[in-house]
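Printed here is start.txt (compact mmCIF, C-alpha atoms and all ligand atoms):
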# COMPACT_ATOMS: atom_id res chain seq x y z
CA MET Z 294 -27.15 -23.26 11.74
CA ALA Z 295 -25.15 -25.37 14.21
CA GLU Z 296 -23.71 -27.25 11.21
CA HIS Z 297 -22.62 -23.95 9.66
CA SER Z 298 -20.92 -22.76 12.80
CA SER Z 299 -19.05 -26.07 13.26
CA ASP Z 300 -18.00 -25.84 9.58
CA ARG Z 301 -16.74 -22.36 10.23
CA GLN Z 302 -14.89 -23.49 13.34
CA SER Z 303 -13.15 -26.37 11.56
CA THR Z 304 -12.20 -24.10 8.62
CA ARG Z 305 -10.82 -21.60 11.10
CA ALA Z 306 -8.86 -24.34 12.89
CA LEU Z 307 -7.41 -25.63 9.62
CA GLY Z 308 -6.70 -22.05 8.56
CA THR Z 309 -4.84 -21.53 11.81
CA LEU Z 310 -2.77 -24.61 11.03
CA LEU Z 311 -1.78 -23.21 7.64
CA ASP Z 312 -1.16 -19.71 8.97
CA HIS Z 313 0.64 -20.30 12.25
CA HIS Z 314 4.29 -19.66 12.69
CA ALA Z 315 6.62 -21.94 10.67
CA ALA Z 316 8.96 -22.56 13.64
CA VAL Z 317 6.05 -23.88 15.72
CA SER Z 318 5.07 -26.26 12.92
CA ILE Z 319 8.65 -27.50 12.47
CA GLY Z 320 8.87 -28.09 16.24
CA LEU Z 321 5.60 -30.04 16.18
CA VAL Z 322 6.69 -32.20 13.24
CA ALA Z 323 10.07 -32.94 14.88
CA GLY Z 324 8.36 -33.71 18.21
CA LEU Z 325 5.91 -36.12 16.56
CA LEU Z 326 8.74 -37.86 14.70
CA VAL Z 327 10.66 -38.39 17.94
CA ALA Z 328 7.47 -39.50 19.76
CA SER Z 329 6.72 -41.99 16.96
CA PHE Z 330 10.26 -43.38 17.24
CA LEU Z 331 10.05 -43.74 21.04
CA LEU Z 332 6.59 -45.31 20.84
CA THR Z 333 7.84 -47.94 18.38
CA LEU Z 334 10.75 -48.78 20.72
CA ALA Z 335 8.45 -48.84 23.78
CA LEU Z 336 6.11 -51.28 22.02
CA GLY Z 337 8.95 -53.68 21.31
CA GLY Z 338 10.24 -52.79 17.83
CA ALA Z 339 9.12 -52.81 14.21
CA HIS Z 340 8.54 -56.58 14.09
CA ARG Z 341 6.16 -56.36 17.05
CA VAL Z 342 4.08 -53.40 15.78
CA ALA Z 343 3.89 -51.76 12.36
CA PRO Z 344 4.77 -48.08 13.08
CA HIS Z 345 1.85 -46.43 11.26
CA TRP Z 346 1.94 -43.40 13.60
CA PHE Z 347 4.81 -41.98 11.56
CA TYR Z 348 2.14 -40.87 9.08
CA ALA Z 349 1.03 -38.19 11.57
CA PRO Z 350 4.19 -36.01 11.28
CA ILE Z 351 4.41 -36.63 7.51
CA LEU Z 352 0.80 -35.46 7.02
CA LEU Z 353 1.29 -32.48 9.31
CA ALA Z 354 4.47 -31.42 7.48
CA GLY Z 355 2.81 -31.90 4.07
CA ILE Z 356 -0.33 -29.96 5.01
CA ARG Z 357 1.69 -27.13 6.51
CA PHE Z 358 4.57 -26.88 3.98
CA GLY Z 359 3.49 -28.88 0.90
CA LEU Z 360 6.07 -31.08 -0.84
CA ALA Z 361 8.88 -29.10 0.79
CA GLY Z 362 7.68 -30.41 4.16
CA ALA Z 363 6.32 -33.85 3.25
CA PHE Z 364 9.52 -35.10 1.58
CA PRO Z 365 11.98 -34.44 4.41
CA ALA Z 366 9.44 -35.67 7.00
CA ALA Z 367 8.91 -38.91 5.02
CA ALA Z 368 12.71 -39.31 4.65
CA ALA Z 369 13.23 -38.78 8.40
CA ALA Z 370 10.41 -41.25 9.17
CA THR Z 371 12.01 -43.80 6.84
CA LEU Z 372 15.30 -43.47 8.68
CA LEU Z 373 13.78 -43.55 12.18
CA ALA Z 374 11.37 -46.42 11.49
CA GLY Z 375 14.00 -48.21 9.38
CA PRO Z 376 17.74 -48.57 10.16
CA LEU Z 377 17.38 -46.83 13.57
CA THR Z 378 14.61 -49.11 14.88
CA PRO Z 379 15.42 -52.73 15.78
CA GLY Z 380 13.04 -55.45 14.62
CA ASN Z 381 12.88 -56.69 18.22
CA VAL Z 382 14.12 -54.29 20.91
CA GLU Z 383 14.65 -56.90 23.67
CA GLU Z 384 16.69 -59.21 21.48
CA GLY Z 385 18.35 -56.34 19.61
CA THR Z 386 17.63 -57.95 16.22
CA PRO Z 387 17.76 -55.60 13.24
CA GLN Z 388 14.97 -55.32 10.68
CA ASP Z 389 15.23 -56.86 7.21
CA LEU Z 390 16.42 -54.37 4.65
CA SER Z 391 13.36 -55.13 2.47
CA ASP Z 392 10.99 -54.35 5.41
CA TRP Z 393 12.20 -50.85 5.99
CA LEU Z 394 12.68 -50.13 2.29
CA VAL Z 395 9.03 -51.02 1.59
CA ARG Z 396 7.86 -49.03 4.64
CA GLY Z 397 9.95 -46.05 3.52
CA LEU Z 398 8.43 -46.21 0.05
CA PHE Z 399 4.95 -46.19 1.58
CA PHE Z 400 5.87 -43.22 3.75
CA LEU Z 401 7.09 -41.35 0.72
CA VAL Z 402 4.33 -42.18 -1.75
CA ILE Z 403 1.24 -42.33 0.48
CA GLY Z 404 2.34 -39.69 2.99
CA VAL Z 405 3.40 -37.19 0.36
CA ALA Z 406 0.40 -37.74 -1.97
CA VAL Z 407 -2.24 -37.63 0.77
CA SER Z 408 -0.78 -34.64 2.61
CA VAL Z 409 -0.36 -32.61 -0.57
CA ALA Z 410 -3.91 -33.45 -1.69
CA ILE Z 411 -5.32 -32.42 1.71
CA ARG Z 412 -3.30 -29.23 1.61
CA GLN Z 413 -4.63 -28.30 -1.83
CA GLY Z 414 -8.21 -29.03 -0.87
CA LEU Z 415 -7.72 -26.97 2.26
CA GLN Z 416 -6.30 -24.06 0.30
CA VAL Z 417 -9.41 -24.00 -1.93
CA VAL Z 418 -11.75 -24.10 1.07
CA LEU Z 419 -9.74 -21.42 2.87
CA THR Z 420 -9.45 -19.12 -0.14
CA ASP Z 421 -13.20 -19.29 -0.57
CA HIS Z 422 -13.78 -18.78 3.15
CA ARG Z 423 -11.46 -15.74 3.23
CA ALA Z 424 -13.08 -14.24 0.11
CA ARG Z 425 -16.53 -14.62 1.69
CA ARG Z 426 -15.28 -12.97 4.86
CA ARG Z 427 -13.75 -10.04 2.93
CA ARG Z 428 -16.99 -9.57 0.98
CA ALA Z 429 -19.05 -9.62 4.16
CA GLU Z 430 -16.71 -6.95 5.56
CA LEU Z 431 -17.16 -4.84 2.41
CA ARG Z 432 -20.95 -5.21 2.63
CA ARG Z 433 -20.76 -3.99 6.19
CA ALA Z 434 -18.58 -1.07 5.06
CA LEU Z 435 -21.10 -0.13 2.35
CA ALA Z 436 -23.95 -0.26 4.87
CA HIS Z 437 -21.98 1.92 7.32
CA GLY Z 438 -21.07 4.59 4.76
CA GLU Z 439 -17.34 3.76 4.73
CA VAL Z 440 -17.29 3.37 0.94
CA GLU Z 441 -17.28 6.63 -0.99
CA LEU Z 442 -16.81 7.92 -4.51
CA HIS Z 443 -14.12 10.37 -5.54
CA TYR Z 444 -14.24 12.18 -8.86
CA GLN Z 445 -11.37 12.85 -11.23
CA PRO Z 446 -11.90 15.59 -13.81
CA ILE Z 447 -11.80 14.79 -17.51
CA VAL Z 448 -10.59 17.92 -19.25
CA ASP Z 449 -10.47 19.49 -22.67
CA LEU Z 450 -6.75 19.25 -23.38
CA ASP Z 451 -6.67 22.52 -25.33
CA ASP Z 452 -8.00 24.88 -22.69
CA GLY Z 453 -8.23 22.86 -19.47
CA ARG Z 454 -12.03 23.11 -19.15
CA ILE Z 455 -13.62 20.29 -17.15
CA VAL Z 456 -15.86 18.40 -19.54
CA GLY Z 457 -16.62 15.44 -17.34
CA ALA Z 458 -15.54 13.27 -14.46
CA GLU Z 459 -14.72 9.67 -13.68
CA ALA Z 460 -16.17 8.26 -10.47
CA LEU Z 461 -13.59 6.17 -8.59
CA VAL Z 462 -14.41 4.19 -5.51
CA ARG Z 463 -12.52 4.56 -2.20
CA TRP Z 464 -12.90 2.77 1.14
CA ARG Z 465 -12.46 4.93 4.23
CA HIS Z 466 -11.41 2.01 6.43
CA PRO Z 467 -11.79 2.59 10.19
CA THR Z 468 -8.25 1.40 10.97
CA LYS Z 469 -6.34 1.29 7.66
CA GLY Z 470 -7.31 4.77 6.41
CA LEU Z 471 -8.37 5.64 2.87
CA LEU Z 472 -7.94 2.56 0.66
CA ALA Z 473 -7.50 2.70 -3.14
CA PRO Z 474 -9.43 0.24 -5.35
CA VAL Z 475 -6.39 -1.99 -5.82
CA GLU Z 476 -6.89 -3.13 -2.20
CA PHE Z 477 -10.49 -4.29 -2.56
CA ILE Z 478 -11.87 -3.90 -6.10
CA ASP Z 479 -11.89 -7.63 -6.92
CA ASP Z 480 -14.19 -8.29 -3.98
CA PHE Z 481 -16.20 -5.12 -4.58
CA GLU Z 482 -16.94 -6.20 -8.15
CA GLN Z 483 -18.21 -9.55 -6.89
CA LEU Z 484 -20.91 -7.90 -4.76
CA ASP Z 485 -24.18 -7.94 -6.66
CA GLU Z 486 -25.14 -4.59 -5.23
CA SER Z 487 -21.89 -2.66 -5.87
CA THR Z 488 -22.47 -1.27 -9.36
CA ASP Z 489 -26.05 -0.28 -8.52
CA TRP Z 490 -24.70 1.50 -5.46
CA VAL Z 491 -22.07 3.37 -7.54
CA ILE Z 492 -24.54 4.37 -10.26
CA GLY Z 493 -27.15 5.42 -7.67
CA GLN Z 494 -24.60 7.61 -5.84
CA VAL Z 495 -23.30 9.10 -9.08
CA ALA Z 496 -26.82 9.86 -10.33
CA GLU Z 497 -27.68 11.67 -7.11
CA THR Z 498 -24.38 13.56 -6.77
CA VAL Z 499 -23.85 14.58 -10.38
CA GLY Z 500 -27.58 15.20 -10.87
CA GLY Z 501 -27.25 17.64 -7.94
CA TRP Z 502 -24.27 19.43 -9.57
CA LYS Z 503 -26.19 19.73 -12.83
CA GLU Z 504 -29.12 21.37 -11.08
CA ARG Z 505 -27.16 23.63 -8.74
CA LEU Z 506 -24.57 24.72 -11.31
CA SER Z 507 -26.88 24.63 -14.34
CA LEU Z 508 -24.49 22.39 -16.25
CA ASP Z 509 -25.92 21.49 -19.59
CA ARG Z 510 -23.31 19.16 -21.04
CA PHE Z 511 -21.34 17.16 -18.54
CA HIS Z 512 -20.60 13.47 -18.69
CA VAL Z 513 -19.71 11.24 -15.79
CA ALA Z 514 -17.97 7.92 -16.23
CA VAL Z 515 -18.58 4.85 -14.08
CA ASN Z 516 -16.47 1.70 -14.23
CA ILE Z 517 -18.45 -1.49 -14.66
CA SER Z 518 -17.13 -5.01 -14.28
CA GLY Z 519 -17.28 -8.25 -16.25
CA HIS Z 520 -19.66 -9.47 -13.55
CA ASP Z 521 -22.13 -6.71 -14.59
CA LEU Z 522 -21.86 -7.61 -18.26
CA GLY Z 523 -22.86 -11.17 -17.49
CA ARG Z 524 -26.10 -9.89 -15.96
CA GLY Z 525 -28.54 -8.92 -18.68
CA SER Z 526 -30.59 -6.76 -16.31
CA LEU Z 527 -28.06 -3.89 -16.22
CA PRO Z 528 -29.82 -1.66 -18.81
CA GLU Z 529 -33.15 -1.70 -16.90
CA ARG Z 530 -31.39 -1.14 -13.60
CA VAL Z 531 -29.49 1.85 -14.98
CA GLU Z 532 -32.71 3.40 -16.27
CA ALA Z 533 -34.44 2.83 -12.93
CA LEU Z 534 -31.53 4.32 -10.96
CA LEU Z 535 -31.32 7.45 -13.12
CA ALA Z 536 -35.07 8.09 -13.42
CA PRO Z 537 -35.58 9.92 -10.09
CA THR Z 538 -32.49 12.14 -10.58
CA ALA Z 539 -31.44 14.98 -12.87
CA LEU Z 540 -28.81 12.78 -14.53
CA ALA Z 541 -29.86 11.78 -18.04
CA PRO Z 542 -28.70 8.46 -19.54
CA SER Z 543 -26.80 10.51 -22.14
CA ASP Z 544 -24.76 12.09 -19.28
CA LEU Z 545 -23.59 8.66 -18.17
CA CYS Z 546 -20.63 6.86 -19.70
CA LEU Z 547 -20.03 3.25 -18.71
CA GLU Z 548 -16.40 2.21 -18.82
CA VAL Z 549 -15.53 -1.41 -19.49
CA THR Z 550 -11.95 -2.56 -19.19
CA GLU Z 551 -10.68 -4.92 -21.86
CA SER Z 552 -9.92 -7.67 -19.38
CA ALA Z 553 -13.47 -7.46 -17.99
CA VAL Z 554 -15.05 -8.21 -21.34
CA VAL Z 555 -12.97 -11.31 -22.05
CA GLN Z 556 -15.43 -13.73 -20.39
CA ASP Z 557 -18.12 -13.71 -23.07
CA LEU Z 558 -17.84 -11.20 -25.87
CA ASP Z 559 -21.27 -11.86 -27.41
CA GLU Z 560 -23.10 -11.49 -24.11
CA ALA Z 561 -21.12 -8.32 -23.33
CA ALA Z 562 -21.91 -6.90 -26.78
CA ALA Z 563 -25.65 -7.53 -26.28
CA THR Z 564 -25.71 -5.88 -22.83
CA LEU Z 565 -23.70 -2.90 -24.06
CA ALA Z 566 -25.93 -2.50 -27.14
CA ALA Z 567 -29.02 -2.39 -24.90
CA LEU Z 568 -27.34 0.19 -22.64
CA ARG Z 569 -26.49 2.30 -25.63
CA LEU Z 570 -30.07 2.07 -26.86
CA ALA Z 571 -31.13 3.46 -23.49
CA GLY Z 572 -28.88 6.48 -24.19
CA THR Z 573 -25.69 5.85 -22.21
CA THR Z 574 -22.30 6.02 -23.89
CA ILE Z 575 -19.79 3.18 -23.71
CA ALA Z 576 -16.05 3.54 -23.26
CA ILE Z 577 -13.39 0.86 -23.58
CA ASP Z 578 -11.05 1.51 -20.66
CA ASP Z 579 -7.30 0.82 -20.55
CA LEU Z 580 -7.19 0.39 -24.31
CA GLY Z 581 -4.19 -1.58 -25.49
CA THR Z 582 -3.55 -3.45 -22.25
CA GLY Z 583 -5.82 -6.45 -22.88
CA HIS Z 584 -5.33 -9.45 -25.09
CA ALA Z 585 -7.82 -8.63 -27.82
CA THR Z 586 -7.89 -4.86 -28.28
CA LEU Z 587 -8.85 -4.91 -31.93
CA ALA Z 588 -11.52 -7.60 -31.54
CA TYR Z 589 -13.19 -5.54 -28.81
CA VAL Z 590 -13.17 -2.37 -30.80
CA GLN Z 591 -14.49 -4.27 -33.81
CA ARG Z 592 -17.26 -6.21 -32.06
CA LEU Z 593 -18.43 -4.05 -29.17
CA PRO Z 594 -20.58 -0.96 -29.49
CA VAL Z 595 -18.09 1.75 -28.51
CA ASP Z 596 -18.34 5.55 -28.28
CA ILE Z 597 -15.05 6.35 -26.55
CA VAL Z 598 -11.69 4.66 -26.17
CA LYS Z 599 -9.47 5.46 -23.20
CA ILE Z 600 -5.73 5.18 -23.69
CA ASP Z 601 -4.15 3.50 -20.71
CA LYS Z 602 -1.81 5.42 -18.42
CA THR Z 603 1.02 2.92 -18.93
CA PHE Z 604 1.40 4.26 -22.49
CA THR Z 605 1.03 7.91 -21.46
CA ALA Z 606 3.62 7.48 -18.71
CA GLU Z 607 6.29 6.31 -21.17
CA LEU Z 608 5.55 8.93 -23.82
CA ARG Z 609 8.89 10.19 -25.11
CA PRO Z 610 9.63 11.32 -28.63
CA GLY Z 611 10.50 8.29 -30.74
CA SER Z 612 9.62 5.80 -27.96
CA PRO Z 613 7.53 2.66 -28.65
CA SER Z 614 4.84 4.16 -26.40
CA GLU Z 615 4.60 7.20 -28.65
CA ALA Z 616 4.03 4.92 -31.66
CA ILE Z 617 1.34 3.00 -29.72
CA VAL Z 618 -0.40 6.17 -28.54
CA ALA Z 619 -0.34 7.58 -32.08
CA ALA Z 620 -1.78 4.32 -33.43
CA LEU Z 621 -4.56 4.17 -30.80
CA ILE Z 622 -5.53 7.81 -31.39
CA GLY Z 623 -5.47 7.15 -35.15
CA LEU Z 624 -7.68 4.11 -34.60
CA SER Z 625 -10.24 6.16 -32.67
CA ARG Z 626 -10.28 8.75 -35.46
CA GLN Z 627 -10.74 6.12 -38.16
CA LEU Z 628 -13.58 4.54 -36.18
CA ASP Z 629 -15.08 7.95 -35.52
CA VAL Z 630 -15.20 7.44 -31.75
CA GLY Z 631 -14.00 9.75 -28.96
CA CYS Z 632 -10.61 9.39 -27.34
CA ILE Z 633 -9.49 10.16 -23.79
CA ALA Z 634 -5.85 9.89 -22.70
CA GLU Z 635 -5.43 8.71 -19.10
CA GLY Z 636 -2.59 9.32 -16.67
CA ILE Z 637 -1.32 12.66 -18.00
CA GLU Z 638 1.18 13.83 -15.40
CA THR Z 639 3.39 16.29 -17.28
CA GLU Z 640 3.00 19.15 -19.71
CA ASP Z 641 5.12 17.22 -22.23
CA GLN Z 642 2.73 14.27 -22.10
CA ARG Z 643 -0.27 16.60 -22.56
CA ALA Z 644 1.39 18.28 -25.54
CA ALA Z 645 2.32 14.92 -27.08
CA VAL Z 646 -1.20 13.44 -26.98
CA VAL Z 647 -2.63 16.71 -28.32
CA ARG Z 648 -0.06 16.66 -31.15
CA HIS Z 649 -1.32 13.21 -32.11
CA GLY Z 650 -4.92 14.41 -32.15
CA CYS Z 651 -6.39 13.48 -28.74
CA ARG Z 652 -8.62 16.24 -27.38
CA GLN Z 653 -9.59 15.02 -23.91
CA GLY Z 654 -7.62 13.62 -21.01
CA GLN Z 655 -7.31 13.09 -17.30
CA GLY Z 656 -4.36 12.84 -14.99
CA PHE Z 657 -2.53 14.25 -12.00
CA LEU Z 658 -1.35 17.23 -14.13
CA PHE Z 659 -4.92 18.50 -13.83
CA SER Z 660 -6.17 16.86 -10.65
CA PRO Z 661 -6.29 13.51 -8.88
CA ALA Z 662 -9.68 12.09 -7.93
CA VAL Z 663 -11.16 14.25 -5.15
CA PRO Z 664 -14.20 13.96 -2.86
CA ALA Z 665 -17.54 15.07 -4.33
CA ASP Z 666 -17.78 18.38 -2.43
CA GLN Z 667 -14.28 19.38 -3.51
CA PHE Z 668 -15.10 18.51 -7.12
CA GLU Z 669 -18.23 20.65 -6.99
CA ARG Z 670 -16.15 23.60 -5.76
CA MET Z 671 -13.73 23.03 -8.66
CA LEU Z 672 -16.65 23.00 -11.09
CA ALA Z 673 -18.05 26.19 -9.61
CA ALA Z 674 -14.70 28.07 -9.58
CA PRO Z 675 -15.03 31.01 -11.97
CA HIS Z 676 -11.37 31.58 -12.90
CA PRO Z 677 -10.04 30.42 -16.23
CA ALA Z 678 -7.13 28.04 -16.43
CA ALA Z 679 -4.39 27.56 -18.96
CA PRO Z 680 -3.60 24.06 -20.19
CA GLY Z 681 -1.85 22.11 -17.50
CA GLN Z 682 -3.21 24.36 -14.73
CA PRO Z 683 -6.05 23.36 -12.41
CA PRO Z 684 -9.01 23.21 -14.78
CA ARG Z 685 -12.02 25.52 -14.68
CA ALA Z 686 -15.66 24.68 -15.17
CA ARG Z 687 -17.48 25.21 -18.43
P1 LIG Z 701 -9.33 3.18 -14.24
O1 LIG Z 701 -10.79 3.11 -14.50
O2 LIG Z 701 -8.43 3.01 -15.41
O3 LIG Z 701 -9.10 4.54 -13.48
C1 LIG Z 701 -7.97 5.34 -13.64
C2 LIG Z 701 -7.00 5.12 -12.54
O4 LIG Z 701 -5.83 5.87 -12.81
C3 LIG Z 701 -7.49 5.64 -11.17
O5 LIG Z 701 -6.90 4.79 -10.20
C4 LIG Z 701 -6.86 7.02 -11.09
O6 LIG Z 701 -6.73 7.51 -9.78
C5 LIG Z 701 -5.53 6.73 -11.72
N1 LIG Z 701 -4.92 7.94 -12.28
C6 LIG Z 701 -5.54 9.02 -12.78
N2 LIG Z 701 -4.65 9.92 -13.23
C7 LIG Z 701 -3.44 9.39 -13.02
C8 LIG Z 701 -2.09 9.85 -13.27
O7 LIG Z 701 -1.86 10.94 -13.80
N3 LIG Z 701 -1.08 9.01 -12.94
C9 LIG Z 701 -1.32 7.80 -12.37
N4 LIG Z 701 -0.27 7.05 -12.05
N5 LIG Z 701 -2.55 7.34 -12.09
C10 LIG Z 701 -3.60 8.13 -12.43
P2 LIG Z 701 -7.76 4.22 -9.01
O8 LIG Z 701 -8.74 5.21 -8.49
O9 LIG Z 701 -6.78 3.62 -8.06
O10 LIG Z 701 -8.61 3.07 -9.72
C11 LIG Z 701 -8.00 1.93 -10.22
C12 LIG Z 701 -8.98 1.09 -11.00
O11 LIG Z 701 -9.98 0.53 -10.15
C13 LIG Z 701 -9.74 1.87 -12.05
O12 LIG Z 701 -8.92 2.05 -13.17
C14 LIG Z 701 -10.92 0.96 -12.30
O13 LIG Z 701 -10.58 -0.08 -13.20
C15 LIG Z 701 -11.15 0.35 -10.92
N6 LIG Z 701 -12.27 1.06 -10.28
C16 LIG Z 701 -12.28 2.23 -9.61
N7 LIG Z 701 -13.52 2.52 -9.18
C17 LIG Z 701 -14.32 1.50 -9.58
C18 LIG Z 701 -15.72 1.21 -9.45
O14 LIG Z 701 -16.52 1.97 -8.88
N8 LIG Z 701 -16.18 0.04 -10.01
C19 LIG Z 701 -15.34 -0.81 -10.68
N9 LIG Z 701 -15.88 -1.92 -11.20
N10 LIG Z 701 -14.03 -0.57 -10.82
C20 LIG Z 701 -13.52 0.57 -10.29
MG MG Z 702 -11.98 3.82 -15.76
MG MG Z 703 -8.16 3.26 -17.22

Could you write out this structure as structure tokens?
Amino acid sequence: MAEHSSDRQSTRALGTLLDHHAAVSIGLVAGLLVASFLLTLALGGAHRVAPHWFYAPILLAGIRFGLAGAFPAAAAATLLAGPLTPGNVEEGTPQDLSDWLVRGLFFLVIGVAVSVAIRQGLQVVLTDHRARRRRAELRRALAHGEVELHYQPIVDLDDGRIVGAEALVRWRHPTKGLLAPVEFIDDFEQLDESTDWVIGQVAETVGGWKERLSLDRFHVAVNISGHDLGRGSLPERVEALLAPTALAPSDLCLEVTESAVVQDLDEAAATLAALRLAGTTIAIDDLGTGHATLAYVQRLPVDIVKIDKTFTAELRPGSPSEAIVAALIGLSRQLDVGCIAEGIETEDQRAAVVRHGCRQGQGFLFSPAVPADQFERMLAAPHPAAPGQPPRAR
């Protein structure tokens, strides 16, 4: 315990060194260089004492600034401990050229190599330390109810009916306000408990909507991570989480982004096949943005492909994006899987994806992701909506 806390203290101290203001570090390095020079003179000159203390400012500069700091510090040390320092101060004898050249070479090679190696090691330790701190903070946020799910409607693009929803995580941070996933999702996905928490919340919330609003067919999508696919227990956990609620496995769609699957395609395929056997549907999210779109579609069990918003955003007649969207929709038709277009913001974009044969979509044209109670009111609203208007419930 005491060992841990002293570890933490030293990491914090080294972190402070790397983080503190550049001007302070430059001042410290310059001060140490001057002090080293004066000390060498005070002790009688470079022939009396080898001025090893010059390594201190070189190491400090290298640790703080990397090569950009170590080089100039080593060069300054070479000058100060070389031509500017007499061999013997009292007699005023200069040093041999070969002495200070060799010393300068040592300053450069040893000082630079050691300081840069320490800096890199420190960066690894600090990055890990910071990641652990951020994850602990997220765990605390989960326990204190600061993490919540918002729901974005997935609509029938012909008549605007809500046919489903995608659950999207948000962090209501006590000081920073409502944070989007981009701010914390990498850490969130690393928490073993995060996907279980999302699925548990979704099962309870959407199961409640189904009961209160007598929805018969409604699917809710949850994003899962590569981390989840590497854990074979996901299918059993999903079943256990859904069992006490009114949400059936067939109401749940698990979305996997292309980049998430990259780690191990065979393992991912096995986990997804087991999930599908349990009744859930599988969507490939952000289709077309990864490195192996076709391999995923070929090798993974897929029910739905989601066209990424970067393509929808650039949809103009005759544009490359239109060709890509048409090809992806065509691919889904050939494979006999569903297709959802993401990021529809304008009526023109809606009309274009419909023209190419996509029947479902989501985007700000219909609604952004909203808190659960607001989504339930949207679902319950009786009035019909034209395409591109706020959608109505089935
Ligand atoms: P995604 O799964 O592709 O989700 C769609 C994202 O597009 C959401 O961003 C949504 O708010 C945004 N969006 C929807 N319509 C539009 C539109 O018309 N225009 C634009 N510009 N954007 C639109 P969000 O909520 O910031 O989520 C970002 C990503 O974070 C998600 O991308 C998903 O990969 C990840 N994510 C969100 N929630 C979770 C979660 O619970 N677990 C995991 N593992 N990942 C999550
Ligand atoms: Mg998604
Ligand atoms: Mg997406």

Counting only C-alpha atoms, which residues of region 576-653 of chain Z sit at most 10 Å from some atom of region 440-459 of chain Z, and what is each one's closest atom pair with its distance in Å to one decimal, listed by chain and rising residue number, as JSON lines?
{"residue": "Z:Ile633", "atom": "CA", "partner": "Z:Ile447", "partner_atom": "CA", "distance": 8.1}
{"residue": "Z:Ala634", "atom": "CA", "partner": "Z:Ile447", "partner_atom": "CA", "distance": 9.3}
{"residue": "Z:Glu635", "atom": "CA", "partner": "Z:Ile447", "partner_atom": "CA", "distance": 8.9}
{"residue": "Z:Arg643", "atom": "CA", "partner": "Z:Leu450", "partner_atom": "CA", "distance": 7.0}
{"residue": "Z:Ala644", "atom": "CA", "partner": "Z:Leu450", "partner_atom": "CA", "distance": 8.5}
{"residue": "Z:Val646", "atom": "CA", "partner": "Z:Leu450", "partner_atom": "CA", "distance": 8.8}
{"residue": "Z:Val647", "atom": "CA", "partner": "Z:Leu450", "partner_atom": "CA", "distance": 6.9}
{"residue": "Z:Cys651", "atom": "CA", "partner": "Z:Leu450", "partner_atom": "CA", "distance": 7.9}
{"residue": "Z:Arg652", "atom": "CA", "partner": "Z:Leu450", "partner_atom": "CA", "distance": 5.3}
{"residue": "Z:Gln653", "atom": "CA", "partner": "Z:Asp449", "partner_atom": "CA", "distance": 4.7}

message = Taking 3 positions as the minimum chain separation for residues in the same chain, which residues sit within 7 Å of region 398-409 of chain Z when counting only C-alpha atoms? Answer as a list in words.
response = Tyr348, Ile351, Leu352, Gly355, Ile356, Gly359, Leu360, Ala363, Phe364, Ala367, Thr371, Leu394, Val395, Arg412 and Gln413 of chain Z

request  = Could you tell me how far CA of Ile600 (chain Z) lies from CA of Gln627 (chain Z), in Å and to one decimal?
outcome  =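 Pair CA of Ile600 (chain Z) / CA of Gln627 (chain Z) returns 15.3 Å.
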
ask   = Using all atoms listed in the file, which of the listed residues (Z:Pro376, Z:Pro344, Z:Gly572, Z:Pro474) sits closest to ligand MG 702 (chain Z)?
value =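 So, comparing all the options, the nearest one is Z:Pro474.
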
ask   = Just how far from CA of Lys469 (chain Z) is CA of Thr420 (chain Z), in Å to one decimal?
value =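 Going from CA of Thr420 (chain Z) over to CA of Lys469 (chain Z) covers 22.1 Å.
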
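Between ligand MG 702 (chain Z) and the residues Z:Ala316, Z:Leu580, Z:Ala366, Z:Leu508, the shortest atom-to-atom distance, using only C-alpha atoms and all ligand atoms, involves Z:Leu580.
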
inquiry  = Taking only C-alpha atoms into account, name the residue in Z:Ala606, Z:Ala315, Z:Val342, Z:Ala553 that is nearest to Phe657 (chain Z).
reply    = Z:Ala606

What are the centre and edge lengths in Å, to one decimal, of the axis-aligned box around all listed atoms of region 512-518 of chain Z with 8 Å added on each side, as AutoDock Vina command-line options?
--center_x -18.5 --center_y 4.2 --center_z -16.4 --size_x 20.1 --size_y 34.5 --size_z 20.6

query = Do you know which residues are at most 8 Å from Thr498 (chain Z) counting all atoms listed in the file, after dropping those on the same chain fewer than 4 positions away, and could you put them as a ChimeraX atom specification?
reply = /Z:494,502,665

message = Residues contacting ligand MG 703 (chain Z) - anything with an atom at most 6 Å away, using all atoms listed in the file - can you give me those as a list in words?
response =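 Those within range of ligand MG 703 (chain Z) are Asp578, Asp579 and Asp601 of chain Z.
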